[in-house]
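Visitor: I am sharing coords.cif, which consists of mmCIF, N, CA and C atoms:
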```
data_upload
loop_
_atom_site.label_atom_id
_atom_site.label_comp_id
_atom_site.auth_asym_id
_atom_site.auth_seq_id
_atom_site.Cartn_x
_atom_site.Cartn_y
_atom_site.Cartn_z
N MET A 22 6.86 14.31 -10.75
CA MET A 22 6.48 13.43 -9.66
C MET A 22 7.73 13.07 -8.90
N SER A 23 7.68 13.15 -7.57
CA SER A 23 8.82 12.79 -6.75
C SER A 23 8.81 11.29 -6.48
N GLU A 24 10.01 10.75 -6.39
CA GLU A 24 10.13 9.32 -6.13
C GLU A 24 9.80 9.04 -4.67
N ALA A 25 9.26 7.87 -4.42
CA ALA A 25 8.91 7.47 -3.07
C ALA A 25 10.18 7.19 -2.27
N THR A 26 10.14 7.48 -0.98
CA THR A 26 11.24 7.19 -0.08
C THR A 26 11.35 5.69 0.09
N THR A 27 12.58 5.19 0.15
CA THR A 27 12.76 3.75 0.32
C THR A 27 13.30 3.46 1.71
N GLN A 28 13.11 2.22 2.13
CA GLN A 28 13.68 1.75 3.39
C GLN A 28 14.00 0.27 3.28
N ILE A 29 14.87 -0.19 4.17
CA ILE A 29 15.30 -1.58 4.17
C ILE A 29 14.47 -2.33 5.20
N THR A 30 14.04 -3.53 4.82
CA THR A 30 13.30 -4.40 5.72
C THR A 30 13.63 -5.84 5.37
N LEU A 31 13.09 -6.76 6.13
CA LEU A 31 13.25 -8.19 5.85
C LEU A 31 11.90 -8.77 5.47
N ILE A 32 11.87 -9.59 4.41
CA ILE A 32 10.64 -10.30 4.04
C ILE A 32 11.00 -11.73 3.69
N GLY A 33 9.99 -12.59 3.64
CA GLY A 33 10.19 -13.99 3.30
C GLY A 33 10.89 -14.16 1.98
N THR A 34 11.83 -15.09 1.91
CA THR A 34 12.60 -15.29 0.68
C THR A 34 11.71 -15.65 -0.50
N LYS A 35 10.61 -16.34 -0.26
CA LYS A 35 9.71 -16.71 -1.36
C LYS A 35 8.97 -15.49 -1.90
N LEU A 36 8.91 -14.41 -1.13
CA LEU A 36 8.23 -13.19 -1.55
C LEU A 36 9.20 -12.14 -2.09
N ALA A 37 10.49 -12.35 -1.87
CA ALA A 37 11.50 -11.34 -2.17
C ALA A 37 11.85 -11.31 -3.65
N SER A 38 11.08 -10.55 -4.42
CA SER A 38 11.41 -10.34 -5.83
C SER A 38 11.02 -8.91 -6.19
N ILE A 39 11.83 -8.29 -7.01
CA ILE A 39 11.60 -6.89 -7.38
C ILE A 39 10.25 -6.77 -8.08
N GLY A 40 9.48 -5.77 -7.64
CA GLY A 40 8.16 -5.53 -8.20
C GLY A 40 7.03 -6.13 -7.39
N MET A 41 7.35 -7.08 -6.50
CA MET A 41 6.32 -7.72 -5.69
C MET A 41 5.72 -6.68 -4.73
N GLU A 42 4.38 -6.65 -4.66
CA GLU A 42 3.69 -5.73 -3.77
C GLU A 42 3.01 -6.51 -2.65
N PHE A 43 2.96 -5.88 -1.47
CA PHE A 43 2.33 -6.52 -0.32
C PHE A 43 1.79 -5.47 0.63
N THR A 44 0.84 -5.88 1.45
CA THR A 44 0.33 -5.03 2.52
C THR A 44 0.96 -5.51 3.81
N PHE A 45 1.64 -4.62 4.51
CA PHE A 45 2.27 -4.99 5.77
C PHE A 45 1.19 -5.03 6.84
N VAL A 46 1.04 -6.17 7.51
CA VAL A 46 -0.02 -6.31 8.51
C VAL A 46 0.47 -6.20 9.94
N GLY A 47 1.78 -6.21 10.15
CA GLY A 47 2.32 -6.05 11.49
C GLY A 47 2.93 -7.34 12.03
N ALA A 48 3.31 -7.27 13.29
CA ALA A 48 3.99 -8.38 13.95
C ALA A 48 3.01 -9.47 14.38
N THR A 49 3.56 -10.68 14.54
CA THR A 49 2.80 -11.80 15.10
C THR A 49 3.40 -12.10 16.48
N PRO A 50 2.75 -12.89 17.30
CA PRO A 50 3.31 -13.22 18.61
C PRO A 50 4.70 -13.87 18.52
N GLU A 51 4.95 -14.63 17.44
CA GLU A 51 6.26 -15.27 17.27
C GLU A 51 7.38 -14.25 17.09
N CYS A 52 7.04 -13.05 16.68
CA CYS A 52 8.05 -12.01 16.42
C CYS A 52 8.60 -11.39 17.72
N GLU A 53 7.85 -11.50 18.79
CA GLU A 53 8.21 -10.82 20.04
C GLU A 53 9.63 -11.12 20.52
N SER A 54 10.08 -12.37 20.41
CA SER A 54 11.39 -12.74 20.94
C SER A 54 12.49 -12.79 19.87
N CYS A 55 12.19 -12.42 18.64
CA CYS A 55 13.16 -12.51 17.56
C CYS A 55 14.18 -11.37 17.62
N LYS A 56 15.44 -11.71 17.43
CA LYS A 56 16.50 -10.69 17.47
C LYS A 56 16.46 -9.77 16.25
N LEU A 57 15.77 -10.16 15.19
CA LEU A 57 15.68 -9.34 13.99
C LEU A 57 14.39 -8.52 13.94
N ARG A 58 13.62 -8.56 15.01
CA ARG A 58 12.30 -7.92 15.07
C ARG A 58 12.32 -6.46 14.59
N ASN A 59 13.30 -5.68 15.04
CA ASN A 59 13.32 -4.26 14.69
C ASN A 59 13.56 -4.02 13.20
N THR A 60 14.19 -4.95 12.54
CA THR A 60 14.42 -4.81 11.10
C THR A 60 13.22 -5.30 10.30
N CYS A 61 12.56 -6.33 10.79
CA CYS A 61 11.37 -6.87 10.10
C CYS A 61 10.13 -6.01 10.31
N ILE A 62 9.97 -5.53 11.52
CA ILE A 62 8.72 -4.85 11.89
C ILE A 62 8.93 -3.34 11.85
N ASN A 63 9.59 -2.84 10.82
CA ASN A 63 9.88 -1.42 10.73
C ASN A 63 9.00 -0.68 9.72
N LEU A 64 8.00 -1.37 9.19
CA LEU A 64 7.08 -0.75 8.24
C LEU A 64 5.80 -0.36 8.97
N GLU A 65 5.01 0.48 8.33
CA GLU A 65 3.76 0.93 8.94
C GLU A 65 2.63 -0.04 8.60
N PRO A 66 1.95 -0.58 9.63
CA PRO A 66 0.86 -1.53 9.37
C PRO A 66 -0.24 -0.94 8.49
N GLN A 67 -0.84 -1.80 7.69
CA GLN A 67 -1.94 -1.48 6.77
C GLN A 67 -1.52 -0.53 5.66
N ARG A 68 -0.24 -0.56 5.30
CA ARG A 68 0.26 0.20 4.16
C ARG A 68 0.71 -0.78 3.09
N ARG A 69 0.61 -0.36 1.83
CA ARG A 69 1.06 -1.19 0.71
C ARG A 69 2.48 -0.79 0.33
N TYR A 70 3.31 -1.82 0.11
CA TYR A 70 4.71 -1.60 -0.25
C TYR A 70 5.06 -2.40 -1.49
N ARG A 71 6.10 -1.95 -2.19
CA ARG A 71 6.61 -2.63 -3.38
C ARG A 71 8.10 -2.84 -3.18
N VAL A 72 8.58 -4.05 -3.49
CA VAL A 72 10.00 -4.35 -3.42
C VAL A 72 10.67 -3.67 -4.61
N VAL A 73 11.66 -2.79 -4.32
CA VAL A 73 12.33 -2.06 -5.39
C VAL A 73 13.81 -2.44 -5.52
N GLY A 74 14.32 -3.22 -4.58
CA GLY A 74 15.71 -3.64 -4.66
C GLY A 74 16.01 -4.78 -3.71
N MET A 75 17.04 -5.53 -4.03
CA MET A 75 17.49 -6.64 -3.18
C MET A 75 18.76 -6.20 -2.47
N ARG A 76 18.95 -6.65 -1.25
CA ARG A 76 20.13 -6.29 -0.47
C ARG A 76 20.86 -7.55 -0.04
N GLY A 77 21.82 -7.97 -0.83
CA GLY A 77 22.65 -9.12 -0.49
C GLY A 77 21.92 -10.45 -0.65
N GLU A 78 22.66 -11.50 -0.36
CA GLU A 78 22.14 -12.86 -0.51
C GLU A 78 21.91 -13.56 0.82
N LEU A 79 22.28 -12.92 1.93
CA LEU A 79 22.18 -13.54 3.25
C LEU A 79 20.73 -13.86 3.61
N ILE A 80 20.48 -15.10 4.05
CA ILE A 80 19.15 -15.52 4.47
C ILE A 80 19.18 -15.77 5.97
N HIS A 81 18.20 -15.18 6.67
CA HIS A 81 18.10 -15.30 8.12
C HIS A 81 16.98 -16.26 8.47
N GLU A 82 17.15 -17.02 9.54
CA GLU A 82 16.08 -17.90 10.01
C GLU A 82 14.92 -17.07 10.52
N CYS A 83 13.72 -17.63 10.40
CA CYS A 83 12.51 -16.92 10.81
C CYS A 83 11.47 -17.93 11.29
N PRO A 84 10.81 -17.65 12.42
CA PRO A 84 9.78 -18.57 12.90
C PRO A 84 8.49 -18.54 12.07
N ILE A 85 8.33 -17.53 11.22
CA ILE A 85 7.12 -17.38 10.40
C ILE A 85 7.32 -17.91 8.99
N HIS A 86 8.43 -17.51 8.37
CA HIS A 86 8.70 -17.88 6.98
C HIS A 86 9.60 -19.12 6.95
N GLU A 87 9.08 -20.22 6.45
CA GLU A 87 9.81 -21.49 6.49
C GLU A 87 11.14 -21.47 5.75
N ALA A 88 11.25 -20.65 4.70
CA ALA A 88 12.51 -20.57 3.95
C ALA A 88 13.37 -19.39 4.41
N GLY A 89 13.00 -18.76 5.52
CA GLY A 89 13.77 -17.65 6.05
C GLY A 89 13.39 -16.32 5.43
N VAL A 90 14.12 -15.27 5.84
CA VAL A 90 13.89 -13.92 5.35
C VAL A 90 15.19 -13.34 4.81
N ARG A 91 15.05 -12.34 3.95
CA ARG A 91 16.22 -11.65 3.41
C ARG A 91 15.94 -10.16 3.32
N ALA A 92 17.00 -9.38 3.25
CA ALA A 92 16.88 -7.92 3.22
C ALA A 92 16.49 -7.45 1.82
N VAL A 93 15.54 -6.54 1.80
CA VAL A 93 15.09 -5.91 0.56
C VAL A 93 14.88 -4.42 0.80
N GLU A 94 14.86 -3.69 -0.28
CA GLU A 94 14.56 -2.27 -0.23
C GLU A 94 13.12 -2.11 -0.72
N VAL A 95 12.30 -1.39 0.05
CA VAL A 95 10.90 -1.21 -0.32
C VAL A 95 10.54 0.27 -0.36
N ALA A 96 9.48 0.56 -1.11
CA ALA A 96 8.89 1.90 -1.16
C ALA A 96 7.39 1.72 -1.06
N GLU A 97 6.71 2.72 -0.53
CA GLU A 97 5.25 2.64 -0.50
C GLU A 97 4.74 2.59 -1.92
N SER A 98 3.78 1.72 -2.15
CA SER A 98 3.17 1.60 -3.48
C SER A 98 2.22 2.76 -3.71
N PRO A 99 2.13 3.23 -4.95
CA PRO A 99 1.08 4.20 -5.26
C PRO A 99 -0.27 3.51 -5.04
N ILE A 100 -1.25 4.27 -4.72
CA ILE A 100 -2.57 3.72 -4.43
C ILE A 100 -3.54 4.16 -5.52
N ILE A 101 -4.19 3.19 -6.15
CA ILE A 101 -5.21 3.49 -7.16
C ILE A 101 -6.56 3.32 -6.48
N ALA A 102 -7.38 4.35 -6.57
CA ALA A 102 -8.68 4.31 -5.89
C ALA A 102 -9.72 5.07 -6.70
N ALA A 103 -10.98 4.74 -6.45
CA ALA A 103 -12.09 5.50 -7.03
C ALA A 103 -12.25 6.76 -6.20
N PHE A 104 -12.43 7.88 -6.88
CA PHE A 104 -12.46 9.18 -6.20
C PHE A 104 -13.43 10.10 -6.91
N ASP A 105 -14.00 11.04 -6.19
CA ASP A 105 -14.95 12.01 -6.72
C ASP A 105 -14.34 12.73 -7.93
N SER A 106 -14.97 12.59 -9.08
CA SER A 106 -14.41 13.15 -10.32
C SER A 106 -14.29 14.67 -10.27
N ARG A 107 -15.11 15.33 -9.48
CA ARG A 107 -15.05 16.80 -9.39
C ARG A 107 -13.79 17.29 -8.68
N LYS A 108 -13.13 16.40 -7.93
CA LYS A 108 -11.93 16.77 -7.16
C LYS A 108 -10.66 16.12 -7.71
N ALA A 109 -10.77 15.43 -8.82
CA ALA A 109 -9.65 14.64 -9.35
C ALA A 109 -8.82 15.43 -10.36
N PHE A 110 -7.82 16.16 -9.85
CA PHE A 110 -6.93 16.96 -10.70
C PHE A 110 -5.49 16.56 -10.45
N PRO A 111 -4.77 16.11 -11.48
CA PRO A 111 -3.36 15.72 -11.30
C PRO A 111 -2.54 16.83 -10.65
N GLY A 112 -1.70 16.44 -9.71
CA GLY A 112 -0.83 17.39 -9.01
C GLY A 112 -1.46 18.02 -7.79
N SER A 113 -2.76 17.81 -7.59
CA SER A 113 -3.44 18.40 -6.44
C SER A 113 -2.97 17.74 -5.15
N LYS A 114 -2.74 18.56 -4.14
CA LYS A 114 -2.43 18.06 -2.80
C LYS A 114 -3.73 18.17 -2.01
N ILE A 115 -4.17 17.04 -1.48
CA ILE A 115 -5.47 17.00 -0.83
C ILE A 115 -5.39 16.30 0.53
N VAL A 116 -6.46 16.44 1.27
CA VAL A 116 -6.68 15.62 2.46
C VAL A 116 -7.68 14.56 2.01
N PHE A 117 -7.26 13.29 2.02
CA PHE A 117 -8.08 12.22 1.46
C PHE A 117 -9.36 12.00 2.27
N GLU A 118 -10.45 11.88 1.57
CA GLU A 118 -11.74 11.48 2.13
C GLU A 118 -12.32 10.42 1.21
N ALA A 119 -12.51 9.22 1.72
CA ALA A 119 -13.10 8.14 0.93
C ALA A 119 -14.55 8.48 0.59
N VAL A 120 -15.03 7.89 -0.46
CA VAL A 120 -16.43 8.05 -0.85
C VAL A 120 -17.30 7.61 0.33
N LYS A 121 -18.26 8.44 0.68
CA LYS A 121 -19.14 8.12 1.82
C LYS A 121 -20.11 7.02 1.42
N CYS A 122 -19.87 5.84 1.98
CA CYS A 122 -20.69 4.68 1.64
C CYS A 122 -20.43 3.59 2.67
N ASP A 123 -21.47 2.92 3.08
CA ASP A 123 -21.30 1.81 4.02
C ASP A 123 -21.79 0.49 3.43
N GLU A 124 -21.92 0.44 2.10
CA GLU A 124 -22.37 -0.76 1.40
C GLU A 124 -21.18 -1.69 1.15
N THR A 125 -20.76 -2.40 2.19
CA THR A 125 -19.55 -3.23 2.10
C THR A 125 -19.67 -4.37 1.10
N ASP A 126 -20.88 -4.72 0.68
CA ASP A 126 -21.04 -5.79 -0.31
C ASP A 126 -21.00 -5.25 -1.75
N CYS A 127 -20.84 -3.94 -1.92
CA CYS A 127 -20.75 -3.34 -3.25
C CYS A 127 -19.43 -3.76 -3.90
N SER A 128 -19.46 -4.08 -5.18
CA SER A 128 -18.25 -4.51 -5.88
C SER A 128 -17.21 -3.39 -5.98
N MET A 129 -17.59 -2.15 -5.78
CA MET A 129 -16.67 -1.02 -5.84
C MET A 129 -16.17 -0.60 -4.45
N TYR A 130 -16.65 -1.23 -3.38
CA TYR A 130 -16.32 -0.77 -2.02
C TYR A 130 -14.81 -0.69 -1.77
N GLU A 131 -14.08 -1.74 -2.11
CA GLU A 131 -12.63 -1.73 -1.86
C GLU A 131 -11.93 -0.69 -2.72
N MET A 132 -12.43 -0.44 -3.90
CA MET A 132 -11.85 0.57 -4.77
C MET A 132 -12.09 1.98 -4.19
N CYS A 133 -13.21 2.17 -3.53
CA CYS A 133 -13.54 3.46 -2.93
C CYS A 133 -12.92 3.65 -1.54
N HIS A 134 -12.53 2.55 -0.91
CA HIS A 134 -11.92 2.57 0.43
C HIS A 134 -10.60 1.79 0.36
N PRO A 135 -9.58 2.38 -0.27
CA PRO A 135 -8.35 1.64 -0.57
C PRO A 135 -7.50 1.31 0.66
N THR A 136 -6.90 0.12 0.63
CA THR A 136 -5.93 -0.25 1.65
C THR A 136 -4.72 0.65 1.48
N GLY A 137 -4.24 1.20 2.58
CA GLY A 137 -3.04 2.01 2.53
C GLY A 137 -3.28 3.51 2.56
N LEU A 138 -4.53 3.93 2.52
CA LEU A 138 -4.85 5.35 2.56
C LEU A 138 -6.05 5.54 3.48
N LYS A 139 -5.89 6.40 4.47
CA LYS A 139 -6.93 6.60 5.48
C LYS A 139 -7.53 8.00 5.36
N ASP A 140 -8.79 8.11 5.75
CA ASP A 140 -9.43 9.42 5.77
C ASP A 140 -8.61 10.38 6.62
N GLY A 141 -8.47 11.60 6.12
CA GLY A 141 -7.75 12.63 6.86
C GLY A 141 -6.26 12.71 6.54
N GLU A 142 -5.73 11.78 5.74
CA GLU A 142 -4.31 11.81 5.39
C GLU A 142 -4.06 12.75 4.22
N ARG A 143 -2.94 13.44 4.29
CA ARG A 143 -2.53 14.30 3.18
C ARG A 143 -1.87 13.44 2.10
N CYS A 144 -2.22 13.70 0.86
CA CYS A 144 -1.63 12.96 -0.24
C CYS A 144 -1.70 13.82 -1.50
N THR A 145 -1.08 13.32 -2.55
CA THR A 145 -1.06 14.01 -3.83
C THR A 145 -1.74 13.14 -4.87
N ILE A 146 -2.54 13.76 -5.71
CA ILE A 146 -3.11 13.06 -6.85
C ILE A 146 -2.04 13.06 -7.93
N VAL A 147 -1.46 11.90 -8.19
CA VAL A 147 -0.38 11.78 -9.16
C VAL A 147 -0.94 11.82 -10.57
N GLU A 148 -2.04 11.08 -10.78
CA GLU A 148 -2.57 10.93 -12.13
C GLU A 148 -4.04 10.50 -12.05
N VAL A 149 -4.83 10.99 -13.00
CA VAL A 149 -6.19 10.47 -13.18
C VAL A 149 -6.04 9.35 -14.20
N VAL A 150 -6.25 8.11 -13.74
CA VAL A 150 -5.99 6.93 -14.56
C VAL A 150 -7.09 6.71 -15.58
N GLY A 151 -8.33 7.00 -15.21
CA GLY A 151 -9.44 6.80 -16.14
C GLY A 151 -10.76 6.73 -15.41
N GLU A 152 -11.73 6.19 -16.10
CA GLU A 152 -13.07 6.04 -15.53
C GLU A 152 -13.10 4.89 -14.53
N ALA A 153 -13.98 4.97 -13.56
CA ALA A 153 -14.19 3.85 -12.64
C ALA A 153 -14.73 2.67 -13.45
N PRO A 154 -14.37 1.43 -13.06
CA PRO A 154 -14.78 0.27 -13.85
C PRO A 154 -16.29 0.03 -13.86
N GLU A 155 -16.99 0.59 -12.88
CA GLU A 155 -18.46 0.44 -12.81
C GLU A 155 -19.06 1.75 -12.35
N ASP A 156 -20.35 1.92 -12.62
CA ASP A 156 -21.05 3.08 -12.09
C ASP A 156 -21.32 2.85 -10.61
N CYS A 157 -21.28 3.93 -9.85
CA CYS A 157 -21.57 3.86 -8.43
C CYS A 157 -23.08 3.67 -8.24
N PRO A 158 -23.49 2.67 -7.45
CA PRO A 158 -24.92 2.47 -7.23
C PRO A 158 -25.59 3.63 -6.50
N ARG A 159 -24.79 4.46 -5.83
CA ARG A 159 -25.34 5.62 -5.11
C ARG A 159 -25.37 6.87 -5.99
N GLY A 160 -24.91 6.75 -7.23
CA GLY A 160 -24.95 7.88 -8.15
C GLY A 160 -23.72 8.77 -8.12
N ASN A 161 -22.68 8.42 -7.33
CA ASN A 161 -21.46 9.22 -7.33
C ASN A 161 -20.75 9.08 -8.68
N VAL A 162 -20.21 10.18 -9.19
CA VAL A 162 -19.45 10.14 -10.44
C VAL A 162 -17.98 10.00 -10.04
N LEU A 163 -17.40 8.85 -10.39
CA LEU A 163 -16.06 8.50 -9.91
C LEU A 163 -15.06 8.35 -11.04
N LYS A 164 -13.81 8.65 -10.73
CA LYS A 164 -12.67 8.42 -11.61
C LYS A 164 -11.69 7.53 -10.86
N LEU A 165 -10.88 6.78 -11.59
CA LEU A 165 -9.77 6.06 -10.97
C LEU A 165 -8.60 7.02 -10.89
N VAL A 166 -8.05 7.15 -9.69
CA VAL A 166 -7.00 8.12 -9.42
C VAL A 166 -5.83 7.44 -8.76
N GLU A 167 -4.61 7.82 -9.12
CA GLU A 167 -3.41 7.34 -8.46
C GLU A 167 -2.99 8.36 -7.41
N PHE A 168 -2.90 7.89 -6.16
CA PHE A 168 -2.50 8.74 -5.04
C PHE A 168 -1.12 8.34 -4.55
N ARG A 169 -0.40 9.30 -3.99
CA ARG A 169 0.84 9.02 -3.28
C ARG A 169 0.81 9.84 -2.00
N ARG A 170 1.13 9.16 -0.88
CA ARG A 170 1.18 9.87 0.41
C ARG A 170 2.38 10.78 0.46
#
```
How does this structure look as structure tokens?
Guide:
Amino acid sequence: MSEATTQITLIGTKLASIGMEFTFVGATPECESCKLRNTCINLEPQRRYRVVGMRGELIHECPIHEAGVRAVEVAESPIIAAFDSRKAFPGSKIVFEAVKCDETDCSMYEMCHPTGLKDGERCTIVEVVGEAPEDCPRGNVLKLVEFRR
């Protein structure tokens, strides 16, 4: 398995700890005039990231984070999702297609439509983690799979 590419960004000091995972949602209107905008807003929106390293102790003022922001090194988090068991083979390079379902109130919906992975994206099945925690109400046979873009 290849290691994920890392990049430097700024996050709130209260969130800056190794191993912390977050979904980057993008800029807010307050970010528009900030001189650090290009360093803070350098991640891809709607992707999950994990803090893998700290970069110095310097804390910068921020209009969003009351305790300021600091530099960290992040990598995209692996994505665990429910996936068609017939296509779940470790090491496979695939074009991701979420389970076809529009039942947003299903307890498995978020597992079948993971944050950070979109239909049509190329990714690798890193590992088949195990069985899905519940049976699919539509009868799909699902496995929990770890994906990496």
Visitor: Can you pull out every residue within 5 Å of Pro66 in chain A, counting only N, CA and C atoms, but drop anything in the same chain fewer than 2 positions away, and send it as a PyMOL selection string?
Guide: chain A and resi 45-47+64+68
Visitor: Please produce an output containing N, CA and C atoms for each residue in the selection, written as a short mmCIF file (atom, residue, chain, number, x, y, z; two decimals), keeping the file's coordinate frame.
Guide:
```cif
data_model
loop_
_atom_site.label_atom_id
_atom_site.label_comp_id
_atom_site.auth_asym_id
_atom_site.auth_seq_id
_atom_site.Cartn_x
_atom_site.Cartn_y
_atom_site.Cartn_z
N PHE A 45 1.64 -4.62 4.51
CA PHE A 45 2.27 -4.99 5.77
C PHE A 45 1.19 -5.03 6.84
N VAL A 46 1.04 -6.17 7.51
CA VAL A 46 -0.02 -6.31 8.51
C VAL A 46 0.47 -6.20 9.94
N GLY A 47 1.78 -6.21 10.15
CA GLY A 47 2.32 -6.05 11.49
C GLY A 47 2.93 -7.34 12.03
N LEU A 64 8.00 -1.37 9.19
CA LEU A 64 7.08 -0.75 8.24
C LEU A 64 5.80 -0.36 8.97
N ARG A 68 -0.24 -0.56 5.30
CA ARG A 68 0.26 0.20 4.16
C ARG A 68 0.71 -0.78 3.09
#
```
Visitor: Show me, as JSON, numbers by chain, the residues that have an atom within 7 Å of Cys133 in chain A when counting all atoms listed in the file, minus same-chain residues fewer than 2 positions from it.
Guide: {"A": [102, 103, 104, 119, 120, 129, 130, 131, 135]}
Visitor: Using atom C of Glu78 in chain A and CA of Pro99 in chain A as the two end points, give the distance in Å to one decimal.
Guide: 28.0 Å
Visitor: Around (13.9, -10.3, 14.0) in the file's own coordinates, what residues are found within 12 Å if you use only C-alpha atoms, given back as a VMD selection string?
Guide: chain A and resid 30 to 33 48 to 63 81 to 86 89 to 92
Visitor: Could you tell me, as a PyMOL selection string, exactly which residues end up selected when the PyMOL selection byres ((chain A and resi 139-148) around 6.5) is applied to this structure?
Guide: chain A and resi 110-119+137-138+149-151+165-170
Visitor: Identify which of the residues A:Thr26, A:Thr125, A:Asn161, A:Thr136 lies closest to Arg69 in chain A, counting all atoms listed in the file when measuring atom-to-atom distances.
Guide: A:Thr136
Visitor: Between CA of Ala96 in chain A and CA of Ala109 in chain A, measure the distance and give it in Å to one decimal.
Guide: 23.9 Å
Visitor: Can you measure CA of Pro158 in chain A to CA of Ile100 in chain A for me? One decimal in Å is fine.
Guide: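 The value is 22.6 Å.
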Visitor: DSSP on the backbone, helix (DSSP H, G or I) only: what residues of chain A does that give? Format it as a list in words.
Guide: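 DSSP on the backbone gives helix (DSSP H, G or I) at Pro50, Glu51, Cys52, Arg58, Asn59, Thr60, Cys61, Ser106, Arg107, Lys108, Tyr130, Glu131, Met132 and Cys133 of chain A.
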Visitor: Identify, with DSSP run on backbone atoms, the residues in range 67-115 of chain A assigned to strand (DSSP E), and express the list as a ChimeraX atom specification.
Guide: /A:68-75,90-97,100-105,114-115
Visitor: Please evaluate the PyMOL selection byres ((chain A and resi 73) around 7) against the structure above and give the resulting residues as a list of chain:residue names.
Guide: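 Selection result, ordered by chain and number: A:Ser38, A:Ile39, A:Gly40, A:Met41, A:Arg71, A:Val72, A:Gly74, A:Met75, A:Val93, A:Glu94, A:Val95, A:Ala96.
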Visitor: Would you write out, as a PyMOL selection string, every residue that the PyMOL selection byres (((chain A and resi 163 and name CA) around 6) and name CA) captures in this file?
Guide: chain A and resi 103-106+153+162+164
